[in-house]
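Okay, so here's the structure we're looking at.
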Amino acid sequence: MKLFATNAFLLQRAKEEGYAVGAFNANNMEIIQAIIETAEEEKAPVILQASQGAIQYAGVDYIAAMVKVAAERATVPVSLHLDHGTDFEQNVKCIRAGFSSVMFDGSKLPLPENITIARKVCDVAHIVGVSVEGELGQIPKSGENVTREQLEKLMANPQETEEFVKKTGVDSLAIAVGNVHGMKTREAQIDVPRIKKIQKLTNIPLVLHGASGIPDESVKQAIKAGICKINIDTEIRKAFVRGIGIILKENPNEIDPRKILGKAKTEMKEAVREKIRLFGCNNKA
Ligand SMILES: [Zn+2]
């Protein structure tokens with residue numbers, strides 16, 4: 001049995017059955033446990049992803065080793081994915097470390113360059129059965145004060161997505177459709193007809209980043225339009241801090257890290273559960 005499921009495998013089924021798989025960012029042991037335990041309780045396939053920042057923080061071998069232990073014991077399919085790898089080298093390092101899926105984010109590069117590097121990543125990754133996610137359009141960060149007009153200019157161009165998918169061979173594609181990274185409130189307005197159009201032209205599983213800032217109703221519409229993987233990071237961070245706040249308020253003298261982080265884990269589990277149910281991937285393992 002393969003240790004990790006690939007994103008290509010998980011997302012193909014999601015596409016056929018009309019749900020989305022949750023992709024949750026992991027930075028430490030408690031976060032990984034919160035995500036996997038909840039996925040098991042909900043009988044949901046799950047994607048654990050590490051950003052370049054997380055890899056810098058914890059070390060690529062630490063992250064991979066922790067997730068391997070978690071996946072070995074898990075009763076649900078688990079994928080280990082690189083989130084926003086911005087160069088070819090980072091992608092190769094993660095493939096070597098045992099990731100089952102990588103992302104090449106060349107969205108800030110001119111299209112031809114994005115295509116060339118994404119193609120190179122696919123060439124290497126596909127030899128060893130690793131899936132690749134590409135990105136088109138630019139997803140701004142919360143706090144950059146982007147106007148609606150600018151946001152629309154940053155959205156993925158449907159014709160370009162068709163060209164990109166054909167020329168690179170990526171297994172899934174993240175698209176900018178009005179979503180914003182790191183939003184603490186849920187008020188992003190996404191362009192659902194654009195998702196539908198891109199889905200028709202590319203016919204591959206599409207990915208929605210920055211989903212912590214998108215209202216639930218829009219998330220459901222996005223899934224209907226062709227979104228098969230949804231990234232959640234900010235909601236977990238908020239739950240982590242909320243848990244620590246609760247325990248320290250209840251007991252300001254608490255110094256046992258297990259009790260403090262244990263409460264953080266409980267809060268994170270509820271945040272993960274809410275998203276898994278919203279995405280419709282519960283009972284799909
Ligand atoms: Zn992202």
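As shown in the structure tokens, the chain order sets the letters A, B, ...; within each chain, residues go from 1, and ligands are also counted from 1 in the order they appear.
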Problem set entry | Near-ligand residues for ligand 1, threshold 7 Å, only C-alpha atoms and all ligand atoms, as a ChimeraX atom specification | /A:83-84,181,209-210,231
Please write the residues from the selection above to a file, keeping all heavy atoms, as a short mmCIF file (atom, residue, chain, number, x, y, z; two decimals), in the first residue's frame.
data_model
loop_
_atom_site.label_atom_id
_atom_site.label_comp_id
_atom_site.auth_asym_id
_atom_site.auth_seq_id
_atom_site.Cartn_x
_atom_site.Cartn_y
_atom_site.Cartn_z
N ASP A 83 2.72 23.60 -0.52
CA ASP A 83 1.86 24.74 -0.84
C ASP A 83 2.75 25.90 -1.31
O ASP A 83 3.67 26.29 -0.61
CB ASP A 83 1.10 25.12 0.46
CG ASP A 83 0.02 26.15 0.23
OD1 ASP A 83 -0.51 26.24 -0.89
OD2 ASP A 83 -0.31 26.87 1.21
N HIS A 84 2.46 26.44 -2.47
CA HIS A 84 3.20 27.60 -3.01
C HIS A 84 4.72 27.43 -3.07
O HIS A 84 5.47 28.25 -2.53
CB HIS A 84 2.90 28.88 -2.20
CG HIS A 84 1.49 29.35 -2.36
ND1 HIS A 84 1.03 29.94 -3.52
CD2 HIS A 84 0.44 29.32 -1.52
CE1 HIS A 84 -0.24 30.25 -3.37
NE2 HIS A 84 -0.63 29.87 -2.17
N HIS A 181 -5.65 35.87 0.16
CA HIS A 181 -4.99 35.08 1.21
C HIS A 181 -5.09 35.78 2.57
O HIS A 181 -4.95 37.00 2.66
CB HIS A 181 -3.49 34.92 0.91
CG HIS A 181 -3.17 33.83 -0.06
ND1 HIS A 181 -2.45 34.04 -1.20
CD2 HIS A 181 -3.46 32.51 -0.03
CE1 HIS A 181 -2.31 32.89 -1.84
NE2 HIS A 181 -2.92 31.95 -1.17
N HIS A 209 -7.74 28.93 -3.21
CA HIS A 209 -6.89 29.36 -2.07
C HIS A 209 -7.61 30.47 -1.32
O HIS A 209 -8.56 31.07 -1.83
CB HIS A 209 -5.55 29.89 -2.58
CG HIS A 209 -4.61 28.83 -3.06
ND1 HIS A 209 -3.32 28.74 -2.63
CD2 HIS A 209 -4.78 27.79 -3.92
CE1 HIS A 209 -2.72 27.71 -3.22
NE2 HIS A 209 -3.60 27.12 -4.01
N GLY A 210 -7.13 30.78 -0.12
CA GLY A 210 -7.67 31.90 0.63
C GLY A 210 -9.13 31.70 1.02
O GLY A 210 -9.88 32.66 1.16
N ASN A 231 -8.16 25.36 0.15
CA ASN A 231 -7.09 25.59 1.13
C ASN A 231 -7.59 26.40 2.32
O ASN A 231 -8.22 27.45 2.15
CB ASN A 231 -5.96 26.38 0.48
CG ASN A 231 -5.18 25.57 -0.53
OD1 ASN A 231 -5.58 24.46 -0.89
ND2 ASN A 231 -4.07 26.11 -0.97
#
Each residue of segment 18-37 of chain A lying at most 7 Å from segment 5-14 of chain A should get a row with its shortest atom-to-atom pair and the distance in Å to one decimal, counting only C-alpha atoms; could you produce that, ordered by chain and increasing number, as CSV?
residue,atom,partner,partner_atom,distance
A:Gly18,CA,A:Ala14,CA,5.6
A:Tyr19,CA,A:Ala14,CA,5.1
A:Ala20,CA,A:Ala14,CA,5.7
A:Val21,CA,A:Ala14,CA,6.9
Problem set entry | Atom-to-atom span, atom CA of His126 of chain A and atom CA of Gly98 of chain A, Å | 13.4 Å
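Proximity of A:Ala97, A:Ala271, A:Val67, A:Ile198 to Gly137 of chain A, computed with only C-alpha atoms, is greatest for A:Ile198.
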For this session: Can you check which residues of segment 183-273 of chain A DSSP gives as strand (DSSP E or B) on the backbone and send them as a ChimeraX atom specification?
Result: /A:206-208,227-232
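Going from atom CA of Ile276 of chain A to atom CA of Gly143 of chain A covers 27.1 Å.
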For this session: Have a look at atom CA of Val124 of chain A and atom CA of Val92 of chain A and let me know their distance in Å, one decimal.
Result: 7.8 Å
For this session: List the neighbours of Val219 of chain A out to 12 Å using only C-alpha atoms; skip same-chain residues closer than 4 positions along the sequence, and give me the result as a ChimeraX atom specification.
Result: /A:19-20,22,179,186-192,195,207-215,223-232,275-280
Counting only C-alpha atoms, what is within 12 Å of Gln56 of chain A, bar same-chain residues fewer than 6 positions away, as a PDB file with all heavy atoms, in the first residue's frame?
ATOM      1  N   ASN A  27       1.923  23.229  10.509  1.00  0.00           N
ATOM      2  CA  ASN A  27       3.203  23.797  10.924  1.00  0.00           C
ATOM      3  C   ASN A  27       3.832  23.054  12.100  1.00  0.00           C
ATOM      4  O   ASN A  27       5.012  23.184  12.342  1.00  0.00           O
ATOM      5  CB  ASN A  27       3.028  25.255  11.354  1.00  0.00           C
ATOM      6  CG  ASN A  27       2.537  26.121  10.210  1.00  0.00           C
ATOM      7  OD1 ASN A  27       3.215  26.311   9.225  1.00  0.00           O
ATOM      8  ND2 ASN A  27       1.322  26.637  10.335  1.00  0.00           N
ATOM      9  N   ASN A  28       3.029  22.311  12.866  1.00  0.00           N
ATOM     10  CA  ASN A  28       3.603  21.588  14.007  1.00  0.00           C
ATOM     11  C   ASN A  28       2.773  20.339  14.310  1.00  0.00           C
ATOM     12  O   ASN A  28       1.770  20.057  13.639  1.00  0.00           O
ATOM     13  CB  ASN A  28       3.715  22.501  15.240  1.00  0.00           C
ATOM     14  CG  ASN A  28       2.362  22.866  15.823  1.00  0.00           C
ATOM     15  OD1 ASN A  28       1.333  22.295  15.454  1.00  0.00           O
ATOM     16  ND2 ASN A  28       2.341  23.809  16.730  1.00  0.00           N
ATOM     17  N   ALA A  50       2.251  21.845   3.472  1.00  0.00           N
ATOM     18  CA  ALA A  50       3.286  22.641   4.120  1.00  0.00           C
ATOM     19  C   ALA A  50       3.696  23.737   3.153  1.00  0.00           C
ATOM     20  O   ALA A  50       3.979  23.475   1.988  1.00  0.00           O
ATOM     21  CB  ALA A  50       4.475  21.763   4.458  1.00  0.00           C
ATOM     22  N   TYR A  62      11.409  17.141   9.132  1.00  0.00           N
ATOM     23  CA  TYR A  62      10.529  17.028  10.299  1.00  0.00           C
ATOM     24  C   TYR A  62       9.062  16.940   9.858  1.00  0.00           C
ATOM     25  O   TYR A  62       8.309  16.080  10.323  1.00  0.00           O
ATOM     26  CB  TYR A  62      10.681  18.250  11.216  1.00  0.00           C
ATOM     27  CG  TYR A  62      11.691  18.055  12.319  1.00  0.00           C
ATOM     28  CD1 TYR A  62      13.034  18.300  12.091  1.00  0.00           C
ATOM     29  CD2 TYR A  62      11.297  17.628  13.582  1.00  0.00           C
ATOM     30  CE1 TYR A  62      13.977  18.128  13.099  1.00  0.00           C
ATOM     31  CE2 TYR A  62      12.220  17.452  14.592  1.00  0.00           C
ATOM     32  CZ  TYR A  62      13.576  17.700  14.355  1.00  0.00           C
ATOM     33  OH  TYR A  62      14.478  17.530  15.346  1.00  0.00           O
ATOM     34  N   ILE A  63       8.677  17.868   8.984  1.00  0.00           N
ATOM     35  CA  ILE A  63       7.280  17.891   8.521  1.00  0.00           C
ATOM     36  C   ILE A  63       6.936  16.558   7.861  1.00  0.00           C
ATOM     37  O   ILE A  63       5.929  15.921   8.185  1.00  0.00           O
ATOM     38  CB  ILE A  63       7.061  19.036   7.499  1.00  0.00           C
ATOM     39  CG1 ILE A  63       7.207  20.393   8.198  1.00  0.00           C
ATOM     40  CG2 ILE A  63       5.724  18.897   6.778  1.00  0.00           C
ATOM     41  CD1 ILE A  63       5.927  21.095   8.532  1.00  0.00           C
ATOM     42  N   GLN A  90      12.747  23.952  -4.897  1.00  0.00           N
ATOM     43  CA  GLN A  90      11.910  23.621  -3.735  1.00  0.00           C
ATOM     44  C   GLN A  90      11.003  22.434  -4.041  1.00  0.00           C
ATOM     45  O   GLN A  90      10.795  21.558  -3.206  1.00  0.00           O
ATOM     46  CB  GLN A  90      11.062  24.840  -3.338  1.00  0.00           C
ATOM     47  CG  GLN A  90      10.201  24.599  -2.102  1.00  0.00           C
ATOM     48  CD  GLN A  90      11.018  24.530  -0.826  1.00  0.00           C
ATOM     49  OE1 GLN A  90      11.599  25.502  -0.378  1.00  0.00           O
ATOM     50  NE2 GLN A  90      11.081  23.337  -0.237  1.00  0.00           N
TER      51      GLN A  90
END
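With only C-alpha atoms as the atoms that count, the residue of A:Ser79, A:Ile127, A:Ser107, A:Glu133 with the shortest distance to Val46 of chain A is A:Ser79.
For the residues A:Phe240, A:Phe104, A:Phe99, A:Tyr57, ranking by smallest atom-to-atom distance to Thr266 of chain A using only C-alpha atoms places A:Phe240 first.
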Seminar exercise, completed: Using only C-alpha atoms, the residue out of A:Ile139, A:Leu151, A:Leu206, A:Ala239 with shortest distance to Val180 of chain A is A:Ile139
